[in-house]
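J.: Following this line is model05.cif, made up of mmCIF, C-alpha atoms:
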data_input
loop_
_atom_site.label_atom_id
_atom_site.label_comp_id
_atom_site.auth_asym_id
_atom_site.auth_seq_id
_atom_site.Cartn_x
_atom_site.Cartn_y
_atom_site.Cartn_z
CA MET A 1495 201.55 102.47 117.15
CA GLY A 1496 203.52 100.90 114.31
CA PRO A 1497 205.94 102.70 111.97
CA LEU A 1498 203.40 102.76 109.13
CA THR A 1499 200.70 104.20 111.35
CA LYS A 1500 203.09 106.87 112.65
CA PHE A 1501 204.02 107.74 109.06
CA VAL A 1502 200.37 108.13 108.07
CA VAL A 1503 199.66 110.30 111.13
CA VAL A 1504 202.64 112.56 110.31
CA ILE A 1505 201.47 112.89 106.69
CA LEU A 1506 197.93 113.76 107.80
CA LEU A 1507 199.17 116.32 110.32
CA THR A 1508 201.38 117.85 107.64
CA LEU A 1509 198.42 118.11 105.28
CA VAL A 1510 196.24 119.69 107.96
CA VAL A 1511 198.93 122.26 108.80
CA SER A 1512 199.45 122.95 105.08
CA ILE A 1513 195.74 123.43 104.45
CA ARG A 1514 195.39 125.65 107.52
CA ALA A 1515 198.35 127.72 106.35
CA GLU A 1516 196.69 128.18 102.98
CA GLU A 1517 193.46 129.21 104.68
CA LEU A 1518 195.26 131.78 106.80
CA LYS A 1519 197.13 133.03 103.77
CA SER A 1520 193.91 133.49 101.83
CA SER A 1521 192.03 135.02 104.76
CA THR A 1522 193.68 138.41 104.51
CA ALA A 1523 190.96 141.02 104.72
CA CYS A 1524 190.17 142.99 101.58
CA ASP A 1525 191.47 146.53 101.52
CA PHE A 1526 188.34 148.16 100.14
CA PRO A 1527 188.98 151.85 99.37
CA ALA A 1528 185.29 152.65 98.90
CA ILE A 1529 181.75 151.31 99.03
CA PHE A 1530 179.01 151.99 96.50
CA ASN A 1531 175.45 151.07 97.44
CA PHE A 1532 172.32 150.59 95.34
CA GLY A 1533 168.83 149.86 96.59
CA ASP A 1534 165.55 151.07 98.04
CA SER A 1535 164.44 152.54 101.37
CA ASN A 1536 166.11 149.70 103.27
CA SER A 1537 169.41 151.43 102.50
CA ASP A 1538 168.46 154.98 101.44
CA THR A 1539 170.52 157.39 103.54
CA GLY A 1540 169.03 160.58 102.15
CA CYS A 1541 168.25 160.41 98.42
CA MET A 1542 164.48 160.76 98.56
CA ALA A 1543 164.70 163.28 101.40
CA ALA A 1544 167.02 165.46 99.29
CA ALA A 1545 165.08 165.00 96.05
CA PHE A 1546 161.57 165.59 97.40
CA TYR A 1547 160.48 166.15 100.99
CA PRO A 1548 162.74 165.75 104.03
CA MET A 1549 161.98 163.14 106.66
CA ALA A 1550 159.84 164.36 109.53
CA SER A 1551 160.33 163.82 113.23
CA PRO A 1552 160.55 161.46 115.02
CA SER A 1553 162.65 159.74 112.33
CA GLY A 1554 166.32 159.64 113.29
CA GLU A 1555 165.63 160.27 116.97
CA THR A 1556 167.65 157.37 118.40
CA PHE A 1557 171.07 157.92 116.86
CA PHE A 1558 171.12 161.16 114.87
CA HIS A 1559 168.68 162.94 117.22
CA GLU A 1560 167.03 164.50 114.19
CA PRO A 1561 165.70 163.31 110.81
CA ALA A 1562 168.67 162.07 108.78
CA GLY A 1563 167.12 160.96 105.51
CA ARG A 1564 166.57 157.41 106.77
CA ALA A 1565 163.27 155.60 107.22
CA SER A 1566 164.12 154.54 110.76
CA ASP A 1567 164.72 155.88 114.22
CA GLY A 1568 168.47 155.57 113.59
CA ARG A 1569 170.96 153.68 111.50
CA LEU A 1570 170.24 151.25 108.68
CA ILE A 1571 172.00 148.00 107.86
CA ILE A 1572 174.14 149.82 105.27
CA ASP A 1573 175.33 152.16 108.04
CA PHE A 1574 176.52 149.19 110.08
CA VAL A 1575 178.13 147.70 106.97
CA ALA A 1576 180.03 150.93 106.34
CA LYS A 1577 181.11 151.18 109.98
CA HIS A 1578 182.26 147.55 110.01
CA LEU A 1579 184.44 148.16 106.95
CA GLY A 1580 185.93 151.31 108.45
CA PHE A 1581 184.07 153.81 106.27
CA PRO A 1582 182.14 156.89 107.34
CA TYR A 1583 178.36 156.66 106.89
CA LEU A 1584 177.56 156.87 103.19
CA SER A 1585 176.24 160.12 101.81
CA ALA A 1586 173.38 159.95 99.35
CA TYR A 1587 174.64 160.74 95.85
CA ILE A 1588 171.94 163.32 95.30
CA ASN A 1589 172.52 165.05 98.63
CA SER A 1590 175.16 167.54 97.52
CA ILE A 1591 175.22 169.82 100.56
CA GLY A 1592 178.04 169.29 103.04
CA THR A 1593 178.89 165.80 101.86
CA SER A 1594 182.08 163.92 101.02
CA TYR A 1595 182.29 160.98 98.64
CA ARG A 1596 185.92 160.14 99.33
CA HIS A 1597 185.08 156.58 100.38
CA GLY A 1598 182.04 155.97 98.21
CA ALA A 1599 178.47 157.05 97.61
CA ASN A 1600 174.95 155.78 98.13
CA PHE A 1601 172.60 155.67 95.14
CA ALA A 1602 169.75 153.89 96.95
CA ALA A 1603 166.38 155.63 96.98
CA GLY A 1604 163.18 154.87 98.85
CA SER A 1605 160.41 153.12 96.87
CA SER A 1606 162.86 152.17 94.13
CA THR A 1607 162.43 149.02 92.08
CA ILE A 1608 164.45 146.85 89.74
CA ARG A 1609 161.93 147.19 86.92
CA ARG A 1610 160.41 150.43 85.74
CA GLN A 1611 157.08 151.15 87.40
CA ASN A 1612 154.23 153.24 86.03
CA LYS A 1613 154.11 155.41 89.15
CA THR A 1614 155.16 158.87 90.20
CA PHE A 1615 156.47 159.95 93.59
CA PHE A 1616 152.94 161.00 94.53
CA ASP A 1617 151.67 157.49 93.77
CA GLY A 1618 154.30 155.90 96.01
CA GLY A 1619 156.84 155.35 93.25
CA SER A 1620 160.41 156.46 92.68
CA PRO A 1621 162.14 157.80 89.57
CA PHE A 1622 165.38 156.24 90.79
CA VAL A 1623 164.91 152.69 89.54
CA LEU A 1624 168.01 150.47 89.58
CA GLU A 1625 169.06 151.34 86.03
CA ILE A 1626 168.92 155.06 86.86
CA GLN A 1627 170.98 154.48 90.01
CA ILE A 1628 173.63 152.74 87.94
CA GLU A 1629 173.57 155.51 85.36
CA GLN A 1630 174.12 157.96 88.22
CA PHE A 1631 177.09 155.88 89.29
CA ASN A 1632 178.38 155.96 85.71
CA GLN A 1633 178.20 159.75 85.70
CA PHE A 1634 179.75 159.93 89.16
CA LYS A 1635 182.70 157.83 88.07
CA ALA A 1636 183.23 159.74 84.82
CA ARG A 1637 182.93 163.19 86.33
CA THR A 1638 185.07 162.52 89.37
CA GLY A 1639 187.72 161.03 87.10
CA LYS A 1640 188.14 164.45 85.51
CA PHE A 1641 189.21 165.92 88.85
CA PHE A 1642 192.29 163.69 88.69
CA THR A 1643 193.10 164.25 85.01
CA GLN A 1644 191.96 167.76 84.14
CA ALA A 1645 191.16 169.79 87.23
CA LYS A 1646 193.77 172.35 88.17
CA ASN A 1647 192.32 172.80 91.62
CA ASN A 1648 193.47 169.77 93.61
CA SER A 1649 191.14 170.61 96.51
CA TYR A 1650 188.37 168.71 94.72
CA ARG A 1651 190.31 165.48 94.84
CA LYS A 1652 190.08 165.01 98.59
CA HIS A 1653 186.30 164.58 98.32
CA PHE A 1654 186.20 161.80 95.73
CA PRO A 1655 187.59 158.29 95.13
CA ARG A 1656 190.65 158.02 92.92
CA PRO A 1657 190.05 156.48 89.47
CA GLU A 1658 191.97 153.30 90.32
CA GLU A 1659 189.89 152.73 93.46
CA PHE A 1660 186.65 151.94 91.67
CA ALA A 1661 187.86 148.50 90.61
CA ASN A 1662 188.80 147.61 94.19
CA ALA A 1663 185.65 148.96 95.84
CA ILE A 1664 182.78 146.84 97.16
CA TYR A 1665 179.39 147.18 95.48
CA THR A 1666 176.42 146.43 97.75
CA ILE A 1667 172.91 145.92 96.37
CA ASP A 1668 169.65 145.63 98.35
CA ILE A 1669 166.60 145.94 96.12
CA GLY A 1670 163.58 143.94 95.01
CA GLN A 1671 161.12 144.30 97.89
CA ASN A 1672 159.06 146.93 96.07
CA ASP A 1673 158.99 144.83 92.90
CA ILE A 1674 157.53 141.96 94.92
CA ALA A 1675 155.03 144.31 96.57
CA ALA A 1676 153.93 145.53 93.12
CA ALA A 1677 153.61 141.95 91.86
CA LEU A 1678 151.52 141.01 94.90
CA GLN A 1679 148.98 143.66 93.95
CA ASN A 1680 148.42 141.81 90.69
CA VAL A 1681 148.26 138.26 92.02
CA GLY A 1682 145.89 136.34 89.76
CA GLY A 1683 146.09 139.01 87.09
CA GLU A 1684 149.42 137.89 85.67
CA ASP A 1685 151.78 134.94 85.79
CA SER A 1686 153.75 135.48 89.00
CA GLN A 1687 156.56 133.17 87.93
CA ALA A 1688 156.98 135.01 84.64
CA VAL A 1689 157.03 138.34 86.50
CA ILE A 1690 159.70 137.14 88.90
CA LEU A 1691 161.87 135.81 86.07
CA ASP A 1692 161.52 139.16 84.31
CA ILE A 1693 162.51 141.05 87.47
CA VAL A 1694 165.66 138.98 88.03
CA GLU A 1695 166.57 139.29 84.36
CA TYR A 1696 166.43 143.08 84.73
CA PHE A 1697 168.59 142.71 87.81
CA SER A 1698 171.13 140.59 85.96
CA ASN A 1699 171.40 143.17 83.18
CA GLN A 1700 172.14 145.93 85.66
CA VAL A 1701 174.81 143.90 87.46
CA GLN A 1702 176.38 143.27 84.06
CA ASN A 1703 176.33 147.02 83.45
CA LEU A 1704 178.11 147.58 86.77
CA TYR A 1705 180.68 144.96 85.82
CA GLY A 1706 181.22 146.81 82.54
CA LEU A 1707 181.90 149.95 84.56
CA GLY A 1708 184.65 148.18 86.50
CA ALA A 1709 182.87 146.65 89.50
CA ARG A 1710 184.36 143.33 90.61
CA THR A 1711 183.18 142.70 94.19
CA PHE A 1712 179.43 142.41 94.71
CA TRP A 1713 177.57 141.92 98.01
CA ILE A 1714 173.97 141.14 97.00
CA HIS A 1715 171.09 140.98 99.49
CA ASN A 1716 167.98 138.99 98.68
CA THR A 1717 164.61 140.35 99.75
CA GLY A 1718 163.23 140.00 103.26
CA PRO A 1719 160.01 138.36 104.51
CA ILE A 1720 157.59 140.94 103.16
CA GLY A 1721 154.67 138.99 104.63
CA CYS A 1722 156.10 139.62 108.11
CA LEU A 1723 155.91 143.41 107.82
CA PRO A 1724 153.27 144.60 110.27
CA VAL A 1725 151.45 146.52 107.52
CA ALA A 1726 150.91 143.19 105.74
CA MET A 1727 149.29 141.60 108.78
CA PRO A 1728 145.47 141.61 109.04
CA MET A 1729 145.53 143.44 112.37
CA HIS A 1730 147.10 146.49 110.71
CA ASN A 1731 146.01 146.12 107.10
CA ALA A 1732 143.50 148.71 105.97
CA ASN A 1733 141.50 146.09 104.05
CA ASN A 1734 140.50 144.44 107.34
CA TYR A 1735 140.10 141.05 105.65
CA THR A 1736 139.53 137.86 107.60
CA PRO A 1737 142.33 135.32 107.09
CA VAL A 1738 141.43 131.74 106.14
CA ALA A 1739 143.14 128.57 107.32
CA GLY A 1740 146.79 128.50 106.28
CA TYR A 1741 146.79 132.23 105.55
CA LEU A 1742 149.25 133.00 108.34
CA ASP A 1743 152.30 131.14 109.60
CA GLN A 1744 153.26 130.52 113.23
CA ASN A 1745 154.65 134.07 113.53
CA GLY A 1746 151.54 135.73 112.13
CA CYS A 1747 153.23 136.40 108.77
CA VAL A 1748 151.21 136.25 105.54
CA ASN A 1749 152.22 133.02 103.82
CA TYR A 1750 151.46 133.83 100.19
CA GLN A 1751 153.46 137.06 100.38
CA ASN A 1752 156.46 135.31 101.90
CA ASP A 1753 156.13 132.52 99.33
CA MET A 1754 156.51 135.03 96.52
CA ALA A 1755 159.52 136.58 98.24
CA LYS A 1756 161.06 133.11 98.55
CA GLU A 1757 160.45 132.41 94.87
CA PHE A 1758 162.10 135.69 93.96
CA ASN A 1759 165.06 134.85 96.19
CA LYS A 1760 165.41 131.42 94.59
CA GLU A 1761 165.58 132.92 91.10
CA LEU A 1762 167.87 135.71 92.29
CA LYS A 1763 170.32 133.13 93.61
CA ASN A 1764 170.17 131.28 90.29
CA ILE A 1765 171.03 134.53 88.50
CA VAL A 1766 173.97 135.13 90.84
CA VAL A 1767 175.29 131.65 90.03
CA LYS A 1768 175.01 132.39 86.31
CA LEU A 1769 176.77 135.72 86.74
CA ARG A 1770 179.65 133.97 88.50
CA ALA A 1771 180.08 131.74 85.47
CA MET A 1772 179.94 134.76 83.15
CA PHE A 1773 182.48 136.74 85.17
CA PRO A 1774 185.06 134.38 86.71
CA ASP A 1775 187.25 137.34 87.69
CA ALA A 1776 184.48 138.82 89.86
CA SER A 1777 183.30 137.94 93.37
CA LEU A 1778 179.53 137.78 93.86
CA THR A 1779 178.30 137.06 97.39
CA TYR A 1780 174.61 136.24 97.82
CA VAL A 1781 173.29 137.22 101.27
CA ASP A 1782 170.16 135.56 102.63
CA MET A 1783 168.48 138.53 104.29
CA PHE A 1784 165.18 136.67 104.34
CA SER A 1785 166.52 134.03 106.72
CA ALA A 1786 168.35 136.57 108.89
CA LYS A 1787 165.26 138.75 109.30
CA TYR A 1788 162.94 135.80 109.77
CA GLU A 1789 165.21 134.43 112.49
CA LEU A 1790 164.88 137.71 114.37
CA ILE A 1791 161.11 137.75 113.95
CA SER A 1792 160.84 134.12 115.12
CA ASN A 1793 162.92 134.80 118.22
CA ALA A 1794 161.75 138.33 119.00
CA ASN A 1795 160.95 137.80 122.68
CA LYS A 1796 164.07 135.71 123.26
CA GLU A 1797 166.19 138.50 121.76
CA GLY A 1798 164.60 141.17 123.96
CA PHE A 1799 162.04 142.59 121.51
CA VAL A 1800 158.29 142.98 121.83
CA ASP A 1801 155.87 141.13 119.57
CA PRO A 1802 157.13 141.63 115.98
CA SER A 1803 153.65 142.71 114.84
CA ASN A 1804 153.89 145.83 117.02
CA ILE A 1805 154.80 149.14 115.40
CA CYS A 1806 156.88 151.75 117.22
CA CYS A 1807 156.03 154.86 115.22
CA GLY A 1808 152.51 155.61 114.03
CA TYR A 1809 148.95 155.65 115.26
CA HIS A 1810 147.06 152.35 115.05
CA GLU A 1811 144.00 152.33 117.26
CA ASP A 1812 140.26 151.72 116.84
CA GLY A 1813 140.62 151.00 113.13
CA TYR A 1814 142.50 154.24 112.43
CA HIS A 1815 145.96 154.12 110.90
CA VAL A 1816 148.16 157.21 110.65
CA TYR A 1817 151.66 156.83 109.20
CA CYS A 1818 154.72 157.70 111.31
CA GLY A 1819 155.35 161.44 111.66
CA ASN A 1820 151.98 162.48 110.22
CA LYS A 1821 148.97 164.22 111.73
CA ALA A 1822 145.30 163.42 111.31
CA MET A 1823 141.92 164.50 112.66
CA ILE A 1824 140.26 161.58 114.46
CA ASN A 1825 136.91 162.08 116.15
CA GLY A 1826 137.44 165.83 116.08
CA LYS A 1827 140.86 165.64 117.70
CA GLU A 1828 144.23 166.20 116.02
CA ILE A 1829 146.45 163.15 116.39
CA PHE A 1830 150.20 163.13 115.86
CA ALA A 1831 151.60 159.72 114.95
CA GLY A 1832 154.67 159.78 117.16
CA SER A 1833 157.02 157.07 118.35
CA CYS A 1834 156.98 154.56 121.17
CA GLU A 1835 158.76 155.13 124.46
CA ASP A 1836 161.65 152.74 123.73
CA PRO A 1837 162.34 151.99 120.03
CA SER A 1838 165.14 149.59 121.00
CA LYS A 1839 162.47 147.08 122.06
CA TYR A 1840 160.77 147.07 118.68
CA ILE A 1841 161.66 145.32 115.42
CA SER A 1842 159.39 147.47 113.25
CA TRP A 1843 159.82 151.22 113.23
CA ASP A 1844 156.84 152.28 111.13
CA GLY A 1845 155.22 149.06 109.95
CA VAL A 1846 157.45 148.77 106.87
CA HIS A 1847 160.99 149.61 107.97
CA TYR A 1848 163.12 148.26 110.79
CA THR A 1849 164.36 150.06 113.89
CA GLU A 1850 168.04 150.73 114.50
CA ALA A 1851 168.07 147.97 117.11
CA ALA A 1852 166.72 145.44 114.62
CA ASN A 1853 169.07 146.66 111.89
CA ARG A 1854 172.02 146.25 114.24
CA TRP A 1855 170.91 142.73 115.16
CA ILE A 1856 170.59 141.72 111.51
CA ALA A 1857 173.85 143.38 110.46
CA THR A 1858 175.74 141.54 113.19
CA ARG A 1859 174.47 138.23 111.80
CA ILE A 1860 175.21 138.85 108.13
CA LEU A 1861 178.59 140.57 108.34
CA ASN A 1862 180.39 137.42 109.45
CA GLY A 1863 179.19 135.52 106.40
CA SER A 1864 176.98 133.01 108.20
CA PHE A 1865 174.01 133.90 105.95
CA SER A 1866 176.10 134.21 102.79
CA ASP A 1867 176.80 132.04 99.79
CA PRO A 1868 179.69 131.47 99.80
CA GLN A 1869 180.03 131.74 103.58
CA VAL A 1870 182.63 134.47 103.64
CA PRO A 1871 182.70 137.55 105.91
CA ILE A 1872 182.08 140.81 104.12
CA ALA A 1873 185.61 142.00 104.93
CA HIS A 1874 186.93 139.03 102.91
CA SER A 1875 184.32 139.10 100.13
CA CYS A 1876 186.74 140.26 97.43
CA GLN A 1877 188.23 136.77 97.37
CA ILE A 1878 186.95 134.70 94.45
CA THR A 1879 185.78 131.35 95.82
CA HIS A 1880 183.89 129.92 92.83
#
What is this structure when it is put down as structure tokens?

T.:
Amino acid sequence: MGPLTKFVVVILLTLVVSIRAEELKSSTACDFPAIFNFGDSNSDTGCMAAAFYPMASPSGETFFHEPAGRASDGRLIIDFVAKHLGFPYLSAYINSIGTSYRHGANFAAGSSTIRRQNKTFFDGGSPFVLEIQIEQFNQFKARTGKFFTQAKNNSYRKHFPRPEEFANAIYTIDIGQNDIAAALQNVGGEDSQAVILDIVEYFSNQVQNLYGLGARTFWIHNTGPIGCLPVAMPMHNANNYTPVAGYLDQNGCVNYQNDMAKEFNKELKNIVVKLRAMFPDASLTYVDMFSAKYELISNANKEGFVDPSNICCGYHEDGYHVYCGNKAMINGKEIFAGSCEDPSKYISWDGVHYTEAANRWIATRILNGSFSDPQVPIAHSCQITH
């Protein structure tokens, strides 16, 4: 090796060491003081149960050993996110009894959408659309701030985030699935592309509102493969339609439903990119939940799960379908739609929502940043990389 070659090698090694040192320097984990979550039933930890009717058994049986406001047998992805970041499980904002909001609050509510829907709770809708959730957060921030500026009784302060902590908190958002489901009901009746663009525009406006309220670190989930939910599959669907060629993919998922979810996700990612340009001092991480969930569904047996079309909780026999936790009279006999023997073997809890085992599997994959853009672990997501 000649002198020039040695010199070049030394320079290259120096550069590598320097770059690695910079990477290590910038890889310090974020010190999030709180987490604020917005979304639908995929991350609702008790809002709808507190506002309307509580969850019925066997929901919650695996981890909480009783209904715990979650549409699952146990923990949701947001629960694993909170645990990973060192937070207690998030209390629903509306669940005021015996709760603490010291390290954040959860505004997510089952059946919620990004856009306003012309439905009531009894029609399967939710009054807690995304804009209402953000208005609740606005009130939460304003009212808790008074405990630190006006309240004489300091005992209140131990239950709420300090005013300066809101700017350093992480804001997680998982919503859009119900908007897609609503749009699918009107396929052919309206321009799907125009609907999707309208949905993501609503989403963008609400993220801008959160930014105006001081949010700077966003962890944004796209929507999952809605066509892979067992209730979407012909074998469980109440319409009992016969699929035509190309209707289903290799996993038995409904193609046109997944295609609309993919189109929504594409436009959502475009909006995230635009928001980054608008707010260069903010960090917006886009998380590809569709790919993470689809990977699990595609490799169900390999990962120790039963066929992903199987439902753990509910009654689905002889053309009868009874939703998880409900009772029905079938052929003169009362049937209770209970759970399977081992929920940990199932991906789907009730045909729509995931089991704790599936949620844990997905959370493990997304928390390290491998499904994120940019590819940064959630614990480092406060770092601006754009």

J.: Which one is closest to Ser1698 in chain A: A:Glu1625, A:Glu1757, A:Asp1685, A:Asp1673? Count only C-alpha atoms.

T.: A:Glu1625

J.: Tell me, in Å to one decimal, how far CA of Lys1763 in chain A is from CA of Gln1671 in chain A.

T.: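 Atom-to-atom, CA of Lys1763 in chain A and CA of Gln1671 in chain A are spaced 15.1 Å apart.
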
J.: Hey, could you make a per-residue contact list for range 1666-1777 of chain A against range 1821-1841 of chain A with 12 Å as the cut-off, showing the nearest pair of atoms and its distance in Å to one decimal, counting all atoms listed in the file, sorted by chain and number, as a Markdown table?

T.:
| residue | atom | partner | partner_atom | distance |
| --- | --- | --- | --- | --- |
| A:Cys1722 | CA | A:Ile1841 | CA | 10.8 |
| A:Leu1723 | CA | A:Ile1841 | CA | 9.7 |
| A:Pro1724 | CA | A:Ile1841 | CA | 9.9 |

J.: Calculated over all atoms listed in the file, which of the candidates A:Phe1601, A:Tyr1587, A:Phe1712, A:Phe1622 has the smallest distance to Ala1776 in chain A?

T.: A:Phe1712

J.: Quick one: of A:Tyr1817, A:Tyr1750, A:Phe1641, A:Tyr1650, who's nearest to Trp1843 in chain A, counting all atoms listed in the file?

T.: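 The closest residue to Trp1843 in chain A is A:Tyr1817.
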
J.: Pull out every residue that the PyMOL selection byres ((chain A and resi 1812) around 12) matches in the shown coordinates and put them as a PyMOL selection string.

T.: chain A and resi 1729-1730+1732+1734+1809-1811+1813-1816+1824-1825

J.: Residues within 9 Å of range 1545-1550 of chain A, please, as number ranges by chain. Count all atoms listed in the file; anything in the same chain fewer than 3 positions from it doesn't count.

T.: A: 1540-1542, 1553-1554, 1560-1565, 1588-1589, 1615, 1818-1820

J.: Please evaluate the PyMOL selection byres ((chain A and resi 1761) around 12) against the displayed coordinates and give the resulting residues as a ChimeraX atom specification.

T.: /A:1670,1687-1695,1697-1698,1716-1717,1754-1760,1762-1768,1780

J.: On this structure, which residues satisfy the PyMOL selection byres ((chain A and resi 1777) around 10), written as a PyMOL selection string?

T.: chain A and resi 1664+1709-1713+1769-1770+1773-1776+1778-1780+1868+1875-1880

J.: Just how far from CA of Asp1668 in chain A is CA of Asn1795 in chain A, in Å to one decimal?

T.: 27.0 Å

J.: Measure the distance from CA of Ala1794 in chain A to CA of Asn1745 in chain A in Å and round it to one decimal.

T.: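 Spanning CA of Ala1794 in chain A to CA of Asn1745 in chain A is a straight-line distance of 9.9 Å.
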
J.: So, counting all atoms listed in the file, which residue among A:Ala1543, A:Ile1529, A:Val1681, A:Ile1571 is closest to Leu1584 in chain A?

T.: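 Of A:Ala1543, A:Ile1529, A:Val1681, A:Ile1571, the one nearest Leu1584 in chain A is A:Ile1529, counting all atoms listed in the file.
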
J.: Between A:Ser1551, A:Thr1556, A:Asn1648, A:Asn1531, which is the closest to Ile1628 in chain A once you count all atoms listed in the file?

T.: A:Asn1531

J.: Could you add whatever atoms are missing so that range 1840-1856 of chain A carries N, CA, C and O atoms, then write the result as a PDB file, in the frame of the given file?

T.:
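Saved as selection-v7.pdb:
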ATOM      1  N   TYR A1840     161.618 147.383 119.826  1.00  0.00           N
ATOM      2  CA  TYR A1840     160.770 147.070 118.680  1.00  0.00           C
ATOM      3  C   TYR A1840     161.596 146.626 117.476  1.00  0.00           C
ATOM      4  O   TYR A1840     162.708 147.110 117.259  1.00  0.00           O
ATOM      5  N   ILE A1841     161.040 145.720 116.692  1.00  0.00           N
ATOM      6  CA  ILE A1841     161.660 145.320 115.420  1.00  0.00           C
ATOM      7  C   ILE A1841     161.224 146.283 114.326  1.00  0.00           C
ATOM      8  O   ILE A1841     162.027 146.746 113.527  1.00  0.00           O
ATOM      9  N   SER A1842     159.923 146.597 114.306  1.00  0.00           N
ATOM     10  CA  SER A1842     159.390 147.470 113.250  1.00  0.00           C
ATOM     11  C   SER A1842     159.324 148.917 113.716  1.00  0.00           C
ATOM     12  O   SER A1842     158.763 149.220 114.779  1.00  0.00           O
ATOM     13  N   TRP A1843     159.878 149.790 112.922  1.00  0.00           N
ATOM     14  CA  TRP A1843     159.820 151.220 113.230  1.00  0.00           C
ATOM     15  C   TRP A1843     158.463 151.792 112.864  1.00  0.00           C
ATOM     16  O   TRP A1843     157.772 152.354 113.703  1.00  0.00           O
ATOM     17  N   ASP A1844     158.054 151.625 111.602  1.00  0.00           N
ATOM     18  CA  ASP A1844     156.840 152.280 111.130  1.00  0.00           C
ATOM     19  C   ASP A1844     155.868 151.327 110.422  1.00  0.00           C
ATOM     20  O   ASP A1844     154.964 151.772 109.735  1.00  0.00           O
ATOM     21  N   GLY A1845     156.083 150.036 110.601  1.00  0.00           N
ATOM     22  CA  GLY A1845     155.220 149.060 109.950  1.00  0.00           C
ATOM     23  C   GLY A1845     155.810 148.500 108.685  1.00  0.00           C
ATOM     24  O   GLY A1845     155.399 147.437 108.207  1.00  0.00           O
ATOM     25  N   VAL A1846     156.796 149.201 108.107  1.00  0.00           N
ATOM     26  CA  VAL A1846     157.450 148.770 106.870  1.00  0.00           C
ATOM     27  C   VAL A1846     158.959 148.622 107.075  1.00  0.00           C
ATOM     28  O   VAL A1846     159.569 147.646 106.622  1.00  0.00           O
ATOM     29  N   HIS A1847     159.543 149.578 107.775  1.00  0.00           N
ATOM     30  CA  HIS A1847     160.990 149.610 107.970  1.00  0.00           C
ATOM     31  C   HIS A1847     161.380 149.171 109.380  1.00  0.00           C
ATOM     32  O   HIS A1847     160.552 149.207 110.287  1.00  0.00           O
ATOM     33  N   TYR A1848     162.633 148.798 109.522  1.00  0.00           N
ATOM     34  CA  TYR A1848     163.120 148.260 110.790  1.00  0.00           C
ATOM     35  C   TYR A1848     163.719 149.373 111.671  1.00  0.00           C
ATOM     36  O   TYR A1848     164.185 150.396 111.164  1.00  0.00           O
ATOM     37  N   THR A1849     163.726 149.128 112.962  1.00  0.00           N
ATOM     38  CA  THR A1849     164.360 150.060 113.890  1.00  0.00           C
ATOM     39  C   THR A1849     165.878 149.898 113.834  1.00  0.00           C
ATOM     40  O   THR A1849     166.391 148.927 113.276  1.00  0.00           O
ATOM     41  N   GLU A1850     166.590 150.853 114.422  1.00  0.00           N
ATOM     42  CA  GLU A1850     168.040 150.730 114.500  1.00  0.00           C
ATOM     43  C   GLU A1850     168.435 149.463 115.250  1.00  0.00           C
ATOM     44  O   GLU A1850     169.374 148.771 114.858  1.00  0.00           O
ATOM     45  N   ALA A1851     167.733 149.155 116.321  1.00  0.00           N
ATOM     46  CA  ALA A1851     168.070 147.970 117.110  1.00  0.00           C
ATOM     47  C   ALA A1851     167.949 146.706 116.278  1.00  0.00           C
ATOM     48  O   ALA A1851     168.814 145.816 116.343  1.00  0.00           O
ATOM     49  N   ALA A1852     166.894 146.603 115.485  1.00  0.00           N
ATOM     50  CA  ALA A1852     166.720 145.440 114.620  1.00  0.00           C
ATOM     51  C   ALA A1852     167.763 145.426 113.517  1.00  0.00           C
ATOM     52  O   ALA A1852     168.320 144.372 113.179  1.00  0.00           O
ATOM     53  N   ASN A1853     168.044 146.582 112.937  1.00  0.00           N
ATOM     54  CA  ASN A1853     169.070 146.660 111.890  1.00  0.00           C
ATOM     55  C   ASN A1853     170.436 146.241 112.416  1.00  0.00           C
ATOM     56  O   ASN A1853     171.200 145.555 111.726  1.00  0.00           O
ATOM     57  N   ARG A1854     170.748 146.654 113.641  1.00  0.00           N
ATOM     58  CA  ARG A1854     172.020 146.250 114.240  1.00  0.00           C
ATOM     59  C   ARG A1854     172.074 144.737 114.435  1.00  0.00           C
ATOM     60  O   ARG A1854     173.087 144.100 114.150  1.00  0.00           O
ATOM     61  N   TRP A1855     170.978 144.174 114.925  1.00  0.00           N
ATOM     62  CA  TRP A1855     170.910 142.730 115.160  1.00  0.00           C
ATOM     63  C   TRP A1855     171.136 141.968 113.861  1.00  0.00           C
ATOM     64  O   TRP A1855     171.905 141.013 113.821  1.00  0.00           O
ATOM     65  N   ILE A1856     170.474 142.399 112.806  1.00  0.00           N
ATOM     66  CA  ILE A1856     170.590 141.720 111.510  1.00  0.00           C
ATOM     67  C   ILE A1856     171.994 141.894 110.938  1.00  0.00           C
ATOM     68  O   ILE A1856     172.603 140.936 110.440  1.00  0.00           O
TER      69      ILE A1856
END
